[in-house]
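Peer 1: My structure file target-v3.txt, compact mmCIF, C-alpha atoms and all ligand atoms, is below:
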```txt
# COMPACT_ATOMS: atom_id res chain seq x y z
CA MET E 281 103.49 108.61 79.01
CA LYS E 282 101.15 108.37 82.03
CA THR E 283 102.69 109.07 85.42
CA VAL E 284 102.11 106.95 88.52
CA SER E 285 102.98 107.87 92.10
CA LEU E 286 103.04 105.09 94.65
CA ILE E 287 102.74 106.29 98.23
CA ILE E 288 104.35 104.13 100.90
CA PRO E 289 103.62 105.08 104.54
CA CYS E 290 106.53 103.87 106.68
CA TYR E 291 106.71 103.65 110.43
CA ASN E 292 109.70 101.67 111.70
CA GLU E 293 109.96 99.66 108.51
CA ALA E 294 113.76 99.51 108.20
CA ASP E 295 113.67 95.69 108.10
CA VAL E 296 111.50 95.46 104.99
CA LEU E 297 112.40 98.49 102.91
CA HIS E 298 115.12 96.86 100.79
CA MET E 299 112.89 93.90 100.12
CA LEU E 300 110.04 96.23 99.21
CA ARG E 301 112.17 98.23 96.79
CA THR E 302 113.35 95.07 95.05
CA GLU E 303 109.74 93.92 94.67
CA LEU E 304 108.56 97.30 93.41
CA TYR E 305 111.34 97.42 90.81
CA ARG E 306 110.63 93.86 89.73
CA VAL E 307 106.96 94.66 89.16
CA CYS E 308 107.13 98.25 87.92
CA ASP E 309 110.20 98.29 85.68
CA PRO E 310 108.62 96.09 82.96
CA LEU E 311 105.62 98.46 82.76
CA THR E 312 107.35 100.73 80.29
CA SER E 313 104.23 102.65 79.32
CA PHE E 314 104.12 104.26 82.76
CA GLN E 315 106.53 106.55 84.48
CA PHE E 316 106.74 105.62 88.16
CA GLU E 317 107.57 107.60 91.24
CA PHE E 318 107.90 106.08 94.72
CA VAL E 319 106.87 108.38 97.52
CA PHE E 320 108.13 107.12 100.88
CA VAL E 321 106.53 108.88 103.82
CA ASN E 322 108.51 108.42 107.02
CA ASP E 323 105.99 108.76 109.82
CA GLY E 324 108.40 109.59 112.64
CA SER E 325 110.19 106.23 112.67
CA LYS E 326 112.63 105.53 115.46
CA ASP E 327 114.70 103.03 113.50
CA ASP E 328 116.78 103.49 110.32
CA THR E 329 113.81 104.06 108.03
CA LEU E 330 114.81 107.63 107.20
CA PRO E 331 118.48 106.99 106.29
CA ILE E 332 117.37 104.05 104.16
CA ILE E 333 114.78 105.98 102.16
CA LYS E 334 117.25 108.85 101.79
CA SER E 335 119.77 106.42 100.35
CA PHE E 336 117.09 105.19 97.93
CA ALA E 337 116.54 108.78 96.82
CA GLU E 338 120.25 109.33 96.26
CA THR E 339 120.59 106.43 93.86
CA ASP E 340 117.23 106.76 92.10
CA LYS E 341 115.60 110.07 91.40
CA ARG E 342 112.20 108.36 91.10
CA CYS E 343 112.35 107.85 94.87
CA LYS E 344 110.95 110.72 96.89
CA TYR E 345 110.82 110.99 100.64
CA ILE E 346 108.74 113.05 103.02
CA SER E 347 109.80 112.79 106.63
CA PHE E 348 107.56 113.88 109.53
CA SER E 349 108.81 115.59 112.67
CA ARG E 350 107.19 112.82 114.75
CA ASN E 351 104.70 109.95 114.43
CA PHE E 352 101.40 111.39 113.18
CA GLY E 353 99.74 108.11 112.14
CA LYS E 354 99.14 106.32 108.87
CA GLU E 355 96.23 108.60 107.95
CA ALA E 356 98.51 111.63 108.09
CA ALA E 357 101.18 109.81 106.08
CA MET E 358 98.68 108.91 103.35
CA LEU E 359 97.41 112.50 103.26
CA ALA E 360 100.91 113.97 102.92
CA GLY E 361 101.66 111.47 100.16
CA MET E 362 98.47 112.33 98.28
CA GLN E 363 99.01 116.07 98.63
CA TYR E 364 102.42 115.74 97.05
CA SER E 365 101.43 113.14 94.42
CA VAL E 366 98.31 114.81 93.08
CA HIS E 367 100.26 115.97 89.99
CA SER E 368 100.37 112.36 88.72
CA ASP E 369 97.80 110.70 86.46
CA TYR E 370 97.53 107.75 88.84
CA ILE E 371 98.14 107.71 92.57
CA GLY E 372 98.55 104.49 94.51
CA ILE E 373 98.90 103.62 98.18
CA ILE E 374 100.68 100.50 99.36
CA ASP E 375 101.88 99.30 102.77
CA ALA E 376 105.60 98.98 103.29
CA ASP E 377 105.46 95.51 104.84
CA LEU E 378 104.63 93.60 101.60
CA GLN E 379 101.26 92.50 102.98
CA HIS E 380 99.93 94.31 99.94
CA SER E 381 101.33 92.35 97.06
CA PRO E 382 102.96 94.63 94.45
CA ASP E 383 102.05 91.93 91.90
CA LEU E 384 98.56 93.42 91.80
CA ILE E 385 99.85 96.78 90.53
CA PRO E 386 99.91 95.93 86.79
CA GLU E 387 96.33 94.61 86.92
CA MET E 388 95.18 97.60 88.94
CA LEU E 389 96.71 100.00 86.43
CA SER E 390 95.15 98.22 83.50
CA ALA E 391 91.73 98.30 85.21
CA CYS E 392 92.00 102.11 85.30
CA GLU E 393 93.74 102.55 81.96
CA GLU E 394 91.91 100.02 79.77
CA GLU E 395 88.68 99.17 81.55
CA GLY E 396 87.85 102.75 82.50
CA TYR E 397 87.63 102.33 86.26
CA ASP E 398 88.44 105.34 88.42
CA VAL E 399 89.72 103.28 91.33
CA ALA E 400 91.30 99.85 91.56
CA ALA E 401 91.28 98.71 95.17
CA ALA E 402 92.25 95.58 97.04
CA ARG E 403 90.21 93.68 99.53
CA ARG E 404 91.29 90.65 101.39
CA SER E 405 89.61 87.38 100.76
CA ASP E 406 90.21 86.09 104.29
CA ARG E 407 91.35 87.21 107.68
CA GLU E 408 93.74 84.36 108.21
CA GLY E 409 96.62 84.97 110.56
CA GLU E 410 94.73 87.66 112.43
CA GLU E 411 93.97 87.44 116.13
CA ALA E 412 90.44 86.12 116.74
CA LEU E 413 89.58 89.02 119.05
CA LYS E 414 90.73 91.57 116.48
CA SER E 415 88.67 89.89 113.75
CA ALA E 416 85.55 89.73 115.91
CA LEU E 417 85.84 93.35 117.03
CA SER E 418 86.44 94.64 113.56
CA GLY E 419 83.51 92.60 112.23
CA ALA E 420 81.26 94.17 114.88
CA PHE E 421 82.61 97.63 114.08
CA TYR E 422 81.73 97.39 110.38
CA LYS E 423 78.25 96.10 111.22
CA VAL E 424 77.63 99.10 113.47
CA ILE E 425 79.11 101.76 111.20
CA ASN E 426 77.27 100.50 108.13
CA LYS E 427 74.01 100.41 110.02
CA VAL E 428 74.16 103.85 111.60
CA SER E 429 76.05 105.89 109.04
CA GLU E 430 75.40 107.35 105.63
CA ILE E 431 78.18 105.30 104.04
CA ASN E 432 78.58 101.62 103.38
CA ILE E 433 82.09 100.36 103.97
CA ASN E 434 83.23 97.07 102.57
CA ASP E 435 84.58 95.32 105.65
CA SER E 436 87.45 93.67 103.83
CA ALA E 437 88.54 96.77 101.89
CA GLN E 438 92.13 97.82 102.34
CA ASP E 439 93.98 101.06 101.82
CA PHE E 440 95.89 99.34 99.01
CA ARG E 441 94.60 101.01 95.83
CA ILE E 442 95.34 102.96 92.71
CA MET E 443 93.23 106.02 91.97
CA LYS E 444 92.87 108.42 89.11
CA GLN E 445 93.96 111.98 89.74
CA LYS E 446 90.36 113.27 89.94
CA VAL E 447 89.62 110.84 92.77
CA VAL E 448 92.58 112.08 94.80
CA GLN E 449 91.54 115.66 94.09
CA SER E 450 88.12 114.95 95.60
CA ILE E 451 89.71 113.26 98.61
CA LEU E 452 91.97 116.25 99.15
CA ALA E 453 88.98 118.58 98.88
CA MET E 454 87.70 117.06 102.14
CA PRO E 455 89.16 119.40 104.72
CA GLU E 456 88.63 117.37 107.89
CA ARG E 457 91.60 116.83 110.15
CA ILE E 458 90.38 113.68 111.85
CA ARG E 459 90.73 111.51 108.79
CA PHE E 460 89.20 108.08 108.46
CA SER E 461 90.27 106.95 105.02
CA LYS E 462 88.04 103.92 104.80
CA GLY E 463 85.10 106.32 105.16
CA ILE E 464 86.60 108.98 102.91
CA PHE E 465 87.34 106.51 100.09
CA THR E 466 83.75 105.29 100.23
CA TRP E 467 82.22 108.72 100.65
CA VAL E 468 83.78 110.20 97.49
CA GLY E 469 82.28 107.40 95.39
CA PHE E 470 83.59 106.72 91.83
CA ASN E 471 83.46 103.37 90.12
CA THR E 472 85.79 100.92 91.71
CA LYS E 473 87.13 97.60 90.60
CA TRP E 474 87.84 95.28 93.52
CA PHE E 475 90.72 92.86 93.62
CA SER E 476 90.62 90.05 96.13
CA HIS E 477 93.86 88.85 97.53
CA GLU E 478 94.72 86.70 100.47
CA ASN E 479 96.00 88.00 103.73
CA ARG E 480 99.77 87.69 103.64
CA GLU E 481 102.10 87.66 106.56
CA ARG E 482 104.17 90.75 107.14
CA ALA E 483 107.57 90.27 105.43
CA ALA E 484 109.43 91.52 108.51
CA GLY E 485 108.96 93.85 111.46
CA GLU E 486 105.73 93.97 113.45
CA THR E 487 102.28 95.51 113.23
CA LYS E 488 101.89 99.08 114.52
CA TRP E 489 98.25 98.67 115.45
CA SER E 490 97.30 97.87 119.02
CA ILE E 491 93.70 97.13 120.01
CA ARG E 492 93.65 100.55 121.69
CA LYS E 493 94.76 102.35 118.53
CA LEU E 494 92.17 100.41 116.54
CA ALA E 495 89.42 101.28 119.04
CA LYS E 496 90.20 104.98 118.68
CA TYR E 497 90.22 104.61 114.91
CA ALA E 498 86.83 102.86 115.03
CA LEU E 499 85.34 105.62 117.18
CA ASP E 500 86.66 108.27 114.77
CA GLY E 501 85.02 106.36 111.96
CA ILE E 502 81.61 106.04 113.58
CA LEU E 503 81.44 109.55 115.02
CA GLY E 504 82.76 111.01 111.77
CA TYR E 505 80.05 109.50 109.63
CA THR E 506 76.88 109.67 111.69
CA SER E 507 75.20 111.97 114.16
CA SER E 508 72.58 109.42 115.21
CA PRO E 509 74.11 108.77 118.68
CA LEU E 510 73.31 112.41 119.43
CA ARG E 511 69.67 111.78 118.60
CA LEU E 512 69.60 108.95 121.14
CA ALA E 513 69.26 111.54 123.92
CA LEU E 514 66.12 112.93 122.35
CA TRP E 515 64.40 109.57 122.02
CA LEU E 516 65.41 108.35 125.46
CA GLY E 517 64.30 111.67 126.94
CA ILE E 518 60.86 111.28 125.40
CA LEU E 519 60.64 107.67 126.60
CA PHE E 520 61.63 108.62 130.16
CA CYS E 521 59.08 111.46 130.25
CA ILE E 522 56.29 109.13 129.18
CA LEU E 523 57.36 106.52 131.76
CA GLY E 524 57.52 109.22 134.47
CA VAL E 525 53.98 110.38 133.73
CA ILE E 526 52.62 106.80 133.74
CA ILE E 527 54.28 105.99 137.08
CA GLY E 528 53.09 109.30 138.57
CA VAL E 529 49.49 108.77 137.50
CA TYR E 530 49.62 105.20 138.84
CA ALA E 531 50.89 106.42 142.26
CA ILE E 532 48.20 109.13 142.47
CA ILE E 533 45.42 106.65 141.67
CA ARG E 534 46.74 104.22 144.30
CA ARG E 535 46.92 107.07 146.86
CA PHE E 536 43.43 108.51 146.37
CA ALA E 537 41.37 105.60 145.08
CA PHE E 538 42.78 102.99 147.47
CA ASP E 539 44.33 105.27 150.13
CA GLU E 540 47.67 103.46 149.90
CA LEU E 541 51.13 105.00 150.09
CA LEU E 542 53.55 103.06 147.95
CA MET E 543 56.34 102.26 150.41
CA GLU E 544 58.12 99.88 148.08
CA SER E 545 58.45 102.81 145.71
CA PHE E 546 61.51 104.00 147.71
CA VAL E 547 63.41 101.02 146.44
CA MET E 548 62.11 101.68 142.99
CA LEU E 549 63.17 105.30 143.35
CA TYR E 550 66.78 104.31 143.92
CA GLY E 551 66.69 102.04 140.91
CA VAL E 552 65.29 104.76 138.71
CA LEU E 553 67.76 107.29 140.12
CA PHE E 554 70.83 105.18 139.42
CA GLY E 555 69.54 104.00 136.07
CA SER E 556 68.62 107.41 134.79
CA SER E 557 71.67 109.25 136.10
CA GLY E 558 73.90 106.56 134.60
CA LEU E 559 72.11 106.99 131.32
CA PHE E 560 72.54 110.76 131.42
CA MET E 561 76.25 110.36 131.98
CA ILE E 562 76.55 108.00 129.05
CA LEU E 563 74.71 110.49 126.86
CA LEU E 564 76.88 113.30 128.17
CA GLY E 565 79.90 111.18 127.30
CA ILE E 566 78.63 110.76 123.74
CA PHE E 567 78.13 114.52 123.50
CA GLY E 568 81.63 114.98 124.87
CA GLU E 569 83.13 112.73 122.21
CA TYR E 570 81.52 114.80 119.48
CA LEU E 571 82.51 118.03 121.18
CA ALA E 572 86.12 116.90 121.47
CA ARG E 573 86.17 116.22 117.75
CA VAL E 574 84.59 119.56 116.94
CA TYR E 575 87.27 121.15 119.12
CA THR E 576 90.06 119.30 117.31
CA GLU E 577 88.68 120.33 113.94
CA ILE E 578 88.16 123.95 114.94
CA LYS E 579 91.68 124.34 116.28
CA GLY E 580 92.75 123.84 112.69
CA ARG E 581 96.16 122.43 113.51
CA PRO E 582 98.11 120.87 110.66
CA VAL E 583 97.57 117.13 110.26
CA TYR E 584 101.35 116.59 110.09
CA ILE E 585 104.61 118.50 110.15
CA ILE E 586 107.36 117.80 107.64
CA SER E 587 110.90 118.01 108.94
CA GLU E 588 112.69 117.11 105.73
CA THR E 589 111.88 116.09 102.18
CA ASN E 590 113.26 116.03 98.65
CA THR E 591 109.91 116.90 97.13
CA LYS E 592 110.28 120.67 97.31
N1 LIG Y 601 102.10 103.08 109.48
C1 LIG Y 601 102.38 104.44 109.53
N2 LIG Y 601 102.18 105.11 110.70
C2 LIG Y 601 101.71 104.50 111.84
C3 LIG Y 601 101.40 103.11 111.75
C4 LIG Y 601 101.59 102.44 110.57
O1 LIG Y 601 102.81 105.03 108.53
O2 LIG Y 601 101.57 105.17 112.86
C5 LIG Y 601 102.33 102.33 108.22
C6 LIG Y 601 103.20 101.10 108.35
O3 LIG Y 601 104.57 101.42 108.23
C7 LIG Y 601 102.71 100.21 107.22
C8 LIG Y 601 101.24 100.58 107.14
O4 LIG Y 601 101.09 101.85 107.76
O5 LIG Y 601 103.34 100.53 105.99
C9 LIG Y 601 100.36 99.54 107.81
O6 LIG Y 601 100.77 99.35 109.14
P1 LIG Y 601 100.85 97.91 109.82
O7 LIG Y 601 101.44 96.94 108.85
O8 LIG Y 601 101.52 98.07 111.12
O9 LIG Y 601 99.31 97.60 110.02
P2 LIG Y 601 98.57 96.19 109.81
O10 LIG Y 601 98.99 95.68 108.45
O11 LIG Y 601 99.03 95.32 110.89
O12 LIG Y 601 97.11 96.55 109.86
MG MG Y 602 100.79 95.40 107.78
```
The structure given in the file should be rewritten as structure tokens.

Peer 2:
Amino acid sequence: MKTVSLIIPCYNEADVLHMLRTELYRVCDPLTSFQFEFVFVNDGSKDDTLPIIKSFAETDKRCKYISFSRNFGKEAAMLAGMQYSVHSDYIGIIDADLQHSPDLIPEMLSACEEEGYDVAAARRSDREGEEALKSALSGAFYKVINKVSEININDSAQDFRIMKQKVVQSILAMPERIRFSKGIFTWVGFNTKWFSHENRERAAGETKWSIRKLAKYALDGILGYTSSPLRLALWLGILFCILGVIIGVYAIIRRFAFDELLMESFVMLYGVLFGSSGLFMILLGIFGEYLARVYTEIKGRPVYIISETNTK
């Protein structure tokens, strides 16, 4: 019998967990050719998420829990879940809030089992119910990252997916600490079957993503998958040098050929000064962002800390 681990990252999801478990049982219990395991990762919730998933584990030994010492983010929760679940034939990831419909699970499994796909992943067919600003910003983000980076991310792809063990092994072989799963999933490749489903409302509770958190996530994604912003300094430097020489030659010709001193050039000087120093600071800022990430990686701190679990 093939084994399946479903990873469920949970951050303050006490309101939906019972509903989620009922749904998972309803969908998974009839699939008798698979042996399921439900891996709840409590990402430092402040509500009753932990006692609830512990009670699940007491009544059903297929329920596992991994509880972090604080909130480390969904990326860390998915990583912890995958590191534990890599023993299974199939490893899935699904949100706790029922926005990812468990009804897709049987089809996803059969895509891997019968049709030979390595990954069965969900993408949303619309962005209904999402704030307009959030939609616009995320649309712009995917345009930029796909243009400047070595990977091509499907802008409607979700983390909701089922992967074969070898896929998860390749994901875990990527040692970076600043993890941007949308990039990682794309980067490792493998043949993927996509399932479109509509954007559902959260069953209960509220979203954990603020625009600020999303902006940081977007920056991690772009800086993690391209170094071209660093090259910007080189090209702008060359451009500025050429411009400087042209202006200099022009001023010398005016001075000696026509015996004029360019007084208006003082004004121009200020413009150039502010413009170029502003530009240098922006470039320095870009360098700083990369440097900060190098520093984070080099410190080699763990991505998460487990305070309690029944997986060991
Ligand atoms: N999540 C998490 N840690 C966090 C934020 C979110 O484990 O710091 C989980 C959350 O419990 C949910 C999933 O990640 O299962 C998606 O989060 P959410 O529904 O808030 O995001 P949205 O669907 O609004 O993008
Ligand atoms: Mg959600």

Peer 1: With the cut-off set at 12 Å and counting only C-alpha atoms, tabulate each residue of region 506-541 of chain E with an atom at most that distance from an atom of region 423-431 of chain E, showing the nearest atom pair and its distance in Å to one decimal, ordered by chain and increasing number, as a tab-separated table.

Peer 2:
```
residue	atom	partner	partner_atom	distance
E:Thr506	CA	E:Ser429	CA	4.7
E:Ser507	CA	E:Ser429	CA	8.0
E:Ser508	CA	E:Val428	CA	6.8
E:Pro509	CA	E:Val428	CA	8.6
E:Leu510	CA	E:Val428	CA	11.6
E:Arg511	CA	E:Val428	CA	11.5
E:Leu512	CA	E:Val428	CA	11.7
```

Peer 1: Would you put the residues from that selection into a file with C-alpha atoms, as a PDB file, keeping the file's coordinate frame?

Peer 2:
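Result file is out_29.pdb:
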```pdb
ATOM      1  CA  THR E 506      76.880 109.670 111.690  1.00  0.00           C
ATOM      2  CA  SER E 507      75.200 111.970 114.160  1.00  0.00           C
ATOM      3  CA  SER E 508      72.580 109.420 115.210  1.00  0.00           C
ATOM      4  CA  PRO E 509      74.110 108.770 118.680  1.00  0.00           C
ATOM      5  CA  LEU E 510      73.310 112.410 119.430  1.00  0.00           C
ATOM      6  CA  ARG E 511      69.670 111.780 118.600  1.00  0.00           C
ATOM      7  CA  LEU E 512      69.600 108.950 121.140  1.00  0.00           C
TER       8      LEU E 512
END
```

Peer 1: Using all atoms listed in the file, find each residue of chain E with at least one atom at most 10 Å away from an atom of ligand LIG 601 (chain Y); report its shortest atom-to-atom pair and that distance in Å (one decimal), sort the rows by chain and rising residue number, and return the result as CSV.

Peer 2:
```
residue,atom,partner,partner_atom,distance
E:Ile287,CA,Y:LIG601,O5,9.7
E:Ile288,CA,Y:LIG601,O5,6.3
E:Pro289,CA,Y:LIG601,O1,4.1
E:Cys290,CA,Y:LIG601,O3,3.5
E:Tyr291,CA,Y:LIG601,O3,3.8
E:Asn292,CA,Y:LIG601,O3,6.2
E:Glu293,CA,Y:LIG601,O3,5.7
E:Ala294,CA,Y:LIG601,O3,9.4
E:Val296,CA,Y:LIG601,O5,9.7
E:Leu297,CA,Y:LIG601,O5,9.8
E:Phe320,CA,Y:LIG601,O1,9.5
E:Val321,CA,Y:LIG601,O1,7.1
E:Asn322,CA,Y:LIG601,O1,6.8
E:Asp323,CA,Y:LIG601,O1,5.1
E:Gly324,CA,Y:LIG601,N2,7.9
E:Ser325,CA,Y:LIG601,N2,8.3
E:Thr329,CA,Y:LIG601,O3,9.6
E:Arg350,CA,Y:LIG601,O2,9.7
E:Asn351,CA,Y:LIG601,O2,5.9
E:Phe352,CA,Y:LIG601,O2,6.2
E:Gly353,CA,Y:LIG601,O2,3.5
E:Lys354,CA,Y:LIG601,N2,3.7
E:Glu355,CA,Y:LIG601,N2,7.4
E:Ala356,CA,Y:LIG601,O1,7.9
E:Ala357,CA,Y:LIG601,O1,5.6
E:Met358,CA,Y:LIG601,O1,7.7
E:Ile373,CA,Y:LIG601,O5,9.5
E:Ile374,CA,Y:LIG601,O5,7.1
E:Asp375,CA,Y:LIG601,O5,3.7
E:Ala376,CA,Y:LIG601,O5,3.8
E:Asp377,CA,Y:LIG601,O5,5.6
E:Leu378,CA,Y:LIG601,O5,8.3
E:Gln379,CA,Y:LIG601,O10,6.7
E:His380,CA,Y:LIG601,O10,8.7
E:Glu410,CA,Y:LIG601,O11,8.9
E:Gln438,CA,Y:LIG601,O12,9.1
E:Asp439,CA,Y:LIG601,C9,8.9
E:Phe440,CA,Y:LIG601,C8,9.8
E:Asn479,CA,Y:LIG601,O10,9.5
E:Arg480,CA,Y:LIG601,O10,9.4
E:Glu481,CA,Y:LIG601,O10,8.8
E:Arg482,CA,Y:LIG601,O7,7.0
E:Ala483,CA,Y:LIG601,O7,9.7
E:Ala484,CA,Y:LIG601,O7,9.7
E:Gly485,CA,Y:LIG601,O7,8.5
E:Glu486,CA,Y:LIG601,O8,6.3
E:Thr487,CA,Y:LIG601,O8,3.4
E:Lys488,CA,Y:LIG601,O8,3.6
E:Trp489,CA,Y:LIG601,O8,5.5
E:Ser490,CA,Y:LIG601,O11,8.7
E:Lys493,CA,Y:LIG601,O2,9.3
E:Leu494,CA,Y:LIG601,O12,9.2
```

Peer 1: Rounded to one decimal place, report the CA of Ser349 (chain E)-CA of Ile585 (chain E) distance in Å.

Peer 2: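 If I compute the distance from CA of Ser349 (chain E) to CA of Ile585 (chain E), I get 5.7 Å.
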
Peer 1: Could you tell me how far CA of Ile442 (chain E) sits from CA of Leu384 (chain E), in Å to one decimal place?

Peer 2: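 Computing the Euclidean distance for CA of Leu384 (chain E) and CA of Ile442 (chain E) yields 10.1 Å.
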
Peer 1: Would you pick out the contacts of Ser556 (chain E) at 12 Å or less, using all atoms listed in the file, so that residues sharing its chain but fewer than 2 positions from it are not included, and give the list as a list of chain:residue names?

Peer 2: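 Here the answer would be E:Ala513, E:Leu516, E:Gly517, E:Leu519, E:Phe520, E:Cys521, E:Leu523, E:Gly524, E:Met548, E:Leu549, E:Tyr550, E:Gly551, E:Val552, E:Leu553, E:Phe554, E:Gly558, E:Leu559, E:Phe560, E:Met561, E:Ile562, E:Leu563.
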
Peer 1: List the neighbours of Glu456 (chain E) out to 12 Å using only C-alpha atoms; skip same-chain residues closer than 6 positions along the sequence, and give me the result as a short mmCIF file (atom, residue, chain, number, x, y, z; two decimals) with C-alpha atoms, in the coordinates of the input.

Peer 2:
```
data_model
loop_
_atom_site.label_atom_id
_atom_site.label_comp_id
_atom_site.auth_asym_id
_atom_site.auth_seq_id
_atom_site.Cartn_x
_atom_site.Cartn_y
_atom_site.Cartn_z
CA GLU E 355 96.23 108.60 107.95
CA ALA E 356 98.51 111.63 108.09
CA LEU E 359 97.41 112.50 103.26
CA GLY E 463 85.10 106.32 105.16
CA ILE E 464 86.60 108.98 102.91
CA ASP E 500 86.66 108.27 114.77
CA GLY E 504 82.76 111.01 111.77
CA TYR E 505 80.05 109.50 109.63
CA ARG E 573 86.17 116.22 117.75
CA VAL E 574 84.59 119.56 116.94
CA TYR E 575 87.27 121.15 119.12
CA THR E 576 90.06 119.30 117.31
CA GLU E 577 88.68 120.33 113.94
CA ILE E 578 88.16 123.95 114.94
CA LYS E 579 91.68 124.34 116.28
CA GLY E 580 92.75 123.84 112.69
CA ARG E 581 96.16 122.43 113.51
CA PRO E 582 98.11 120.87 110.66
CA VAL E 583 97.57 117.13 110.26
#
```

Peer 1: Report the distance between CA of Tyr397 (chain E) and CA of Pro382 (chain E) in Å, rounded to one decimal place.

Peer 2: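 A separation of 19.0 Å between them.
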
Peer 1: For Ser436 (chain E), work out the shell of residues within 9 Å, counting all atoms listed in the file and skipping chain neighbours fewer than 3 positions away, then give it as a list in words.

Peer 2: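 Counting only the stated atoms, we get Ala402, Arg403, Arg404, Ser405, Asp406, Arg407 and Ile433 of chain E.
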
Peer 1: If you count all atoms listed in the file, which residues fall within 9 Å of Ile385 (chain E), apart from same-chain ones fewer than 6 positions away, as a list in words?

Peer 2: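 In the requested format, the answer is Val307, Cys308, Gly372, Arg441 and Ile442 of chain E.
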